[in-house]
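**Student:** Pasting run.txt below, which is compact mmCIF, C-alpha atoms.
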```txt
# COMPACT_ATOMS: atom_id res chain seq x y z
CA MET A 1 0.00 0.00 0.00
CA GLN A 2 1.32 3.45 -0.89
CA ASP A 3 2.16 5.36 2.27
CA ASP A 4 0.58 8.64 1.12
CA LEU A 5 -2.92 7.24 0.54
CA ALA A 6 -5.77 7.38 3.03
CA THR A 7 -6.92 3.86 3.87
CA LEU A 8 -9.49 1.92 5.87
CA ASP A 9 -8.59 -1.38 7.52
CA ILE A 10 -10.87 -4.17 6.27
CA THR A 11 -10.21 -7.28 8.39
CA GLY A 12 -6.46 -6.79 8.22
CA THR A 13 -6.07 -5.34 4.73
CA GLN A 14 -5.50 -1.63 4.20
CA VAL A 15 -7.85 -0.48 1.43
CA ALA A 16 -7.48 2.92 -0.23
CA ASN A 17 -10.29 5.35 0.60
CA LEU A 18 -10.34 7.49 -2.54
CA SER A 19 -12.92 9.12 -4.72
CA GLN A 20 -12.96 7.96 -8.32
CA SER A 21 -11.19 11.13 -9.46
CA GLU A 22 -8.55 10.77 -6.73
CA ALA A 23 -7.91 7.16 -7.68
CA LEU A 24 -7.56 8.02 -11.36
CA ALA A 25 -5.20 10.90 -10.55
CA PHE A 26 -3.11 8.55 -8.42
CA ILE A 27 -2.81 5.91 -11.18
CA HIS A 28 -2.06 8.43 -13.91
CA GLY A 29 0.46 10.16 -11.66
CA ARG A 30 2.29 6.87 -11.08
CA ILE A 31 2.39 6.24 -14.83
CA ALA A 32 3.63 9.74 -15.63
CA SER A 33 6.36 9.45 -12.98
CA LYS A 34 7.29 5.89 -14.04
CA LEU A 35 6.79 4.66 -10.47
CA PHE A 36 6.21 0.91 -10.32
CA THR A 37 2.86 0.15 -8.66
CA SER A 38 0.89 -3.03 -8.11
CA VAL A 39 -2.87 -2.48 -7.88
CA ASN A 40 -5.41 -5.02 -6.71
CA TYR A 41 -9.05 -4.97 -5.70
CA LEU A 42 -10.67 -6.19 -2.49
CA ASN A 43 -14.23 -7.50 -2.43
CA ALA A 44 -15.90 -9.75 0.13
CA HIS A 45 -14.56 -12.90 -1.52
CA CYS A 46 -10.99 -11.55 -1.61
CA ALA A 47 -11.29 -10.57 2.06
CA ASN A 48 -12.39 -14.11 2.90
CA VAL A 49 -9.39 -15.53 1.04
CA ALA A 50 -7.08 -13.08 2.85
CA TRP A 51 -8.60 -14.04 6.21
CA ALA A 52 -7.72 -17.70 5.66
CA ASN A 53 -4.49 -17.26 3.67
CA ASN A 54 -1.76 -15.31 5.41
CA ALA A 55 0.55 -15.44 2.37
CA TYR A 56 -2.10 -13.71 0.25
CA ARG A 57 -2.70 -11.15 3.02
CA GLN A 58 1.03 -10.37 3.09
CA VAL A 59 1.12 -9.90 -0.69
CA LEU A 60 -1.75 -7.41 -0.46
CA LYS A 61 0.26 -5.36 2.02
CA GLN A 62 2.72 -4.64 -0.79
CA CYS A 63 -0.03 -3.41 -3.14
CA THR A 64 -2.36 -0.50 -3.56
CA VAL A 65 -5.72 -2.12 -2.79
CA LEU A 66 -8.96 -0.58 -4.08
CA PRO A 67 -12.48 -1.22 -2.69
CA ASP A 68 -14.75 -3.38 -4.85
CA GLY A 69 -18.41 -3.90 -4.10
CA VAL A 70 -21.07 -3.39 -1.50
CA GLY A 71 -19.56 -5.93 0.91
CA VAL A 72 -16.51 -3.85 1.75
CA ASP A 73 -18.74 -0.78 2.14
CA ILE A 74 -20.80 -2.67 4.75
CA ALA A 75 -17.57 -3.71 6.45
CA ALA A 76 -16.27 -0.13 6.46
CA LYS A 77 -19.51 1.09 8.02
CA ILE A 78 -19.29 -1.53 10.78
CA LEU A 79 -15.58 -1.10 11.44
CA HIS A 80 -15.13 2.64 10.89
CA GLY A 81 -18.58 4.23 10.86
CA GLN A 82 -18.21 5.32 7.24
CA LYS A 83 -18.42 3.89 3.74
CA PHE A 84 -15.69 4.18 1.15
CA LYS A 85 -15.74 7.35 -0.93
CA SER A 86 -16.25 5.34 -4.14
CA ASN A 87 -16.94 1.81 -5.27
CA LEU A 88 -13.86 1.26 -7.46
CA ASN A 89 -14.86 -2.15 -8.78
CA GLY A 90 -12.35 -3.48 -11.26
CA THR A 91 -14.80 -4.23 -14.05
CA ASP A 92 -15.68 -0.54 -14.38
CA PHE A 93 -12.62 1.21 -12.96
CA THR A 94 -9.93 -0.58 -14.99
CA PRO A 95 -11.35 0.42 -18.41
CA LEU A 96 -11.93 3.91 -17.02
CA VAL A 97 -8.20 4.19 -16.33
CA LEU A 98 -7.63 3.81 -20.06
CA THR A 99 -10.42 6.08 -21.30
CA SER A 100 -9.45 8.84 -18.84
CA ALA A 101 -5.73 8.72 -19.60
CA PRO A 102 -4.29 12.12 -20.54
CA ALA A 103 -1.96 10.57 -23.14
CA PRO A 104 -1.70 7.39 -25.24
CA LEU A 105 -0.54 4.34 -23.31
CA LYS A 106 1.04 0.98 -23.97
CA VAL A 107 -1.14 -1.71 -22.42
CA ALA A 108 -0.42 -5.45 -22.13
CA LEU A 109 -2.93 -8.20 -21.31
CA TYR A 110 -2.02 -11.55 -19.78
CA GLY A 111 -4.30 -14.33 -18.57
CA ALA A 112 -7.76 -15.89 -19.00
CA ALA A 113 -8.52 -18.72 -21.40
CA PRO A 114 -7.09 -18.83 -24.94
CA THR A 115 -8.75 -16.28 -27.30
CA ILE A 116 -10.49 -14.46 -24.41
CA ALA A 117 -7.67 -11.95 -23.92
CA GLN A 118 -7.68 -11.16 -27.65
CA LYS A 119 -11.40 -10.40 -27.54
CA ALA A 120 -10.87 -8.26 -24.43
CA ALA A 121 -8.08 -6.36 -26.16
CA GLN A 122 -10.34 -5.65 -29.12
CA LYS A 123 -13.02 -4.32 -26.77
CA LEU A 124 -10.54 -2.07 -24.96
CA SER A 125 -9.17 -0.81 -28.28
CA ALA A 126 -12.70 0.07 -29.38
CA LEU A 127 -13.24 1.99 -26.13
CA ASP A 128 -10.15 4.15 -26.75
CA GLU A 129 -8.23 3.93 -30.01
CA ARG A 130 -5.31 6.02 -28.73
CA HIS A 131 -3.67 3.15 -26.91
CA ASP A 132 -1.34 0.40 -28.14
CA ILE A 133 -2.89 -2.73 -26.65
CA GLN A 134 -1.12 -6.09 -26.95
CA VAL A 135 -1.89 -9.58 -25.65
CA VAL A 136 1.28 -11.18 -24.30
CA GLY A 137 -0.17 -14.55 -23.27
CA HIS A 138 -3.17 -16.52 -22.04
CA GLY A 139 -3.42 -18.05 -18.59
CA PHE A 140 -2.48 -21.59 -19.59
CA ILE A 141 1.01 -21.14 -21.02
CA ASN A 142 3.75 -23.48 -19.81
CA GLN A 143 6.94 -22.53 -17.94
CA ASP A 144 9.06 -22.04 -21.07
CA GLU A 145 6.36 -19.95 -22.71
CA GLN A 146 6.07 -17.89 -19.54
CA GLU A 147 9.79 -17.09 -19.59
CA ASP A 148 9.53 -16.02 -23.22
CA MET A 149 6.48 -13.92 -22.37
CA LEU A 150 8.26 -12.16 -19.49
CA ALA A 151 11.20 -11.38 -21.77
CA ALA A 152 8.82 -9.96 -24.40
CA LEU A 153 7.08 -7.96 -21.69
CA ALA A 154 10.37 -6.44 -20.54
CA ASP A 155 11.11 -5.53 -24.15
CA TYR A 156 7.67 -3.96 -24.64
CA GLN A 157 7.69 -2.18 -21.23
CA PRO A 158 3.99 -1.26 -21.14
CA ASP A 159 2.63 1.53 -19.01
CA ILE A 160 -0.08 -0.85 -17.79
CA LEU A 161 -0.16 -4.63 -17.45
CA LEU A 162 -3.52 -6.32 -16.81
CA VAL A 163 -3.26 -9.80 -15.27
CA ALA A 164 -6.36 -12.01 -15.24
CA LEU A 165 -5.53 -15.25 -13.43
CA GLY A 166 -8.12 -15.20 -10.65
CA VAL A 167 -7.73 -14.64 -6.91
CA PRO A 168 -5.29 -15.32 -5.31
CA ARG A 169 -3.26 -16.84 -8.16
CA GLN A 170 -2.85 -13.53 -9.98
CA GLU A 171 -1.62 -11.68 -6.89
CA PHE A 172 0.94 -14.40 -6.12
CA TRP A 173 2.06 -14.47 -9.76
CA ILE A 174 2.46 -10.69 -9.92
CA SER A 175 4.38 -10.62 -6.66
CA GLU A 176 6.75 -13.35 -7.83
CA HIS A 177 7.31 -12.37 -11.45
CA ILE A 178 6.51 -8.71 -12.20
CA LYS A 179 9.19 -6.12 -11.52
CA PRO A 180 9.73 -2.49 -12.57
CA GLU A 181 11.51 -3.62 -15.74
CA HIS A 182 8.31 -5.29 -16.93
CA CYS A 183 5.80 -2.43 -16.64
CA THR A 184 4.89 0.68 -14.67
CA VAL A 185 1.47 -0.20 -13.20
CA VAL A 186 0.18 -3.76 -12.94
CA PHE A 187 -3.44 -4.60 -12.13
CA GLY A 188 -4.83 -7.92 -10.94
CA VAL A 189 -8.18 -7.89 -12.74
CA GLY A 190 -9.85 -11.26 -12.05
CA ALA A 191 -12.69 -11.93 -14.50
CA LEU A 192 -12.39 -8.62 -16.38
CA PHE A 193 -11.31 -10.23 -19.67
CA ASP A 194 -14.30 -12.59 -19.55
CA PHE A 195 -16.66 -9.64 -19.05
CA LEU A 196 -15.04 -7.60 -21.84
CA ALA A 197 -15.15 -10.58 -24.20
CA ASP A 198 -18.82 -11.25 -23.32
CA ASN A 199 -17.80 -14.70 -22.18
CA VAL A 200 -19.57 -13.85 -18.91
CA LYS A 201 -22.55 -11.50 -19.06
CA ARG A 202 -22.67 -8.56 -16.69
CA ALA A 203 -25.76 -7.72 -14.71
CA PRO A 204 -28.06 -5.08 -16.24
CA LYS A 205 -27.37 -1.50 -15.22
CA TRP A 206 -30.30 -1.33 -12.80
CA ALA A 207 -28.85 -4.26 -10.85
CA ARG A 208 -25.40 -2.66 -10.83
CA ASP A 209 -26.92 0.62 -9.65
CA LEU A 210 -28.63 -1.22 -6.79
CA ARG A 211 -25.31 -2.95 -6.06
CA ILE A 212 -26.76 -6.45 -6.37
CA GLU A 213 -24.63 -7.57 -9.30
CA TRP A 214 -23.56 -10.55 -7.20
CA VAL A 215 -27.15 -11.83 -7.26
CA TYR A 216 -27.11 -11.80 -11.06
CA ARG A 217 -23.80 -13.68 -11.14
CA LEU A 218 -25.17 -16.25 -8.70
CA LEU A 219 -28.23 -16.83 -10.88
CA GLN A 220 -26.05 -16.99 -13.97
CA GLU A 221 -23.55 -19.52 -12.60
CA PRO A 222 -25.14 -21.12 -9.52
CA SER A 223 -23.00 -24.27 -9.48
CA ARG A 224 -19.78 -22.24 -9.52
CA MET A 225 -20.79 -19.21 -7.47
CA TRP A 226 -22.98 -20.57 -4.67
CA ARG A 227 -20.06 -21.14 -2.30
CA ARG A 228 -18.70 -17.64 -2.94
CA TYR A 229 -22.00 -15.89 -2.28
CA ILE A 230 -24.39 -18.13 -0.31
CA LEU A 231 -21.67 -19.27 2.08
CA GLY A 232 -19.07 -16.56 1.52
CA ASN A 233 -21.15 -13.45 2.15
CA PRO A 234 -22.39 -14.47 5.63
CA LEU A 235 -18.88 -15.70 6.44
CA PHE A 236 -17.46 -12.32 5.47
CA ILE A 237 -19.89 -10.48 7.78
CA LEU A 238 -18.97 -12.91 10.56
CA HIS A 239 -15.28 -12.12 10.01
CA VAL A 240 -16.03 -8.39 10.10
CA LEU A 241 -17.96 -8.66 13.36
CA GLN A 242 -15.24 -10.84 14.88
CA TYR A 243 -12.53 -8.40 13.76
CA ASN A 244 -14.53 -5.48 15.16
CA PHE A 245 -15.03 -7.24 18.49
CA PHE A 246 -11.32 -7.86 19.00
CA ALA A 247 -10.43 -4.38 17.76
CA GLN A 248 -12.76 -2.85 20.35
CA HIS A 249 -11.31 -5.17 23.00
CA ARG A 250 -7.79 -3.98 22.18
CA ARG A 251 -8.89 -0.34 22.29
CA ASN A 252 -10.61 -0.79 25.66
CA ASN A 253 -7.53 -2.42 27.14
CA LYS A 254 -5.46 0.60 26.17
CA ILE A 255 -7.75 3.00 28.05
```
The structure in this file should be written as structure tokens.
**Tutor:**
Amino acid sequence: MQDDLATLDITGTQVANLSQSEALAFIHGRIASKLFTSVNYLNAHCANVAWANNAYRQVLKQCTVLPDGVGVDIAAKILHGQKFKSNLNGTDFTPLVLTSAPAPLKVALYGAAPTIAQKAAQKLSALDERHDIQVVGHGFINQDEQEDMLAALADYQPDILLVALGVPRQEFWISEHIKPEHCTVVFGVGALFDFLADNVKRAPKWARDLRIEWVYRLLQEPSRMWRRYILGNPLFILHVLQYNFFAQHRRNNKI
């Protein structure tokens, strides 16, 4: 997490508390200054994974973490008495980084299933034709292909690298493999390529406005998503309440 950003602690992960304009200014400032930055998003599912996986939680401490979804807003209200300034969900915010850029960028895409990244790149190019957008590899390349891809990435040196390998694999992969010589800002973007490629349909706008997109995803893929939402959402609230209880206990003992 960048030291100069305001944050809220969500069950042990420091999450940036920024308006949309502040977050965009931060990202574009890092690009303009060529300051290497790893950006990831935290939603209720990610928080559950971090709660159970200390290695993932430690990786997030080295990143700028942005708030994604209504779950972390509920957590912020319980833990800090306030919601986040903006819902910076990756599906909307990541493309916005490109369309709001003050200058043309070099953008690399890595991950997802074969052909999906190419379709996502085409969609991003259609959103903003100023940028040079290249696919450097899908998420199923072997070790030798990965080494070749990393060498090509270092040669290309994009301003932005988007990595879509799923949580927590993408965060571990970025932490292990991506250095300043590979790019300036790297995002872990989860299912973004699938959404851009229309491989997974997004909820209609009214559902997104009501912040119940997770319900749509559950209905769309019940066999894959029921654990994440039916079990995961109540578990997340339980973790938040437990974290709040012990935080209050520690505060009371200091009085």
**Student:** At a cut-off of 9 Å, using all atoms listed in the file, what residues contact Asp73 (chain A)? Leave out same-chain residues fewer than 5 positions from it and give the result as a ChimeraX atom specification.
**Tutor:** /A:67-68,78,82-84,87
**Student:** Kindly indicate which residue among A:Arg227, A:Lys123, A:Lys205, A:Arg169 lies nearest to Tyr56 (chain A), using all atoms listed in the file for the distances.
**Tutor:**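 Ranking A:Arg227, A:Lys123, A:Lys205, A:Arg169 by distance to Tyr56 (chain A), first place goes to A:Arg169.
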**Student:** State, in Å with one decimal place, the distance from CA of Asn233 (chain A) to CA of Thr13 (chain A).
**Tutor:** 17.3 Å
**Student:** For Ala154 (chain A), which residue among A:Ile141, A:Ala108, A:Ala52, A:Leu24 is the nearest when counting all atoms listed in the file?
**Tutor:**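 Once distances to Ala154 (chain A) are computed over all atoms listed in the file, the minimum belongs to A:Ala108.
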**Student:** Which residues, written as a ChimeraX atom specification, have at least one atom at most 12 Å from region 98-100 of chain A, with only C-alpha atoms counted and residues fewer than 6 positions away on the same chain left out?
**Tutor:** /A:20-21,23-25,27-28,31,92,106-108,121,123-133,159-162
**Student:** Between CA of Leu109 (chain A) and CA of Val97 (chain A), what distance in Å does the model show, to one decimal?
**Tutor:**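 Computing the Euclidean distance for CA of Leu109 (chain A) and CA of Val97 (chain A) yields 14.4 Å.
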**Student:** Calculated over all atoms listed in the file, which of the candidates A:Glu181, A:Ala120, A:Phe245, A:Ala47 has the smallest distance to Ile10 (chain A)?
**Tutor:** A:Ala47
**Student:** Taking 6 positions as the minimum chain separation for residues in the same chain, which residues sit within 9 Å of Phe140 (chain A) when counting all atoms listed in the file? Answer as a PyMOL selection string.
**Tutor:** chain A and resi 111-114
**Student:** Which of these residues is nearest to Pro104 (chain A), using all atoms listed in the file: A:Ala207, A:Cys63, A:Ala32, A:Cys183?
**Tutor:**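 Closest residue, counting all atoms listed in the file: A:Ala32.
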**Student:** For Asn54 (chain A), which of A:Leu219, A:Pro168, A:Trp206, A:Arg250 is the closest residue, counting all atoms listed in the file?
**Tutor:**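 Once distances to Asn54 (chain A) are computed over all atoms listed in the file, the minimum belongs to A:Pro168.
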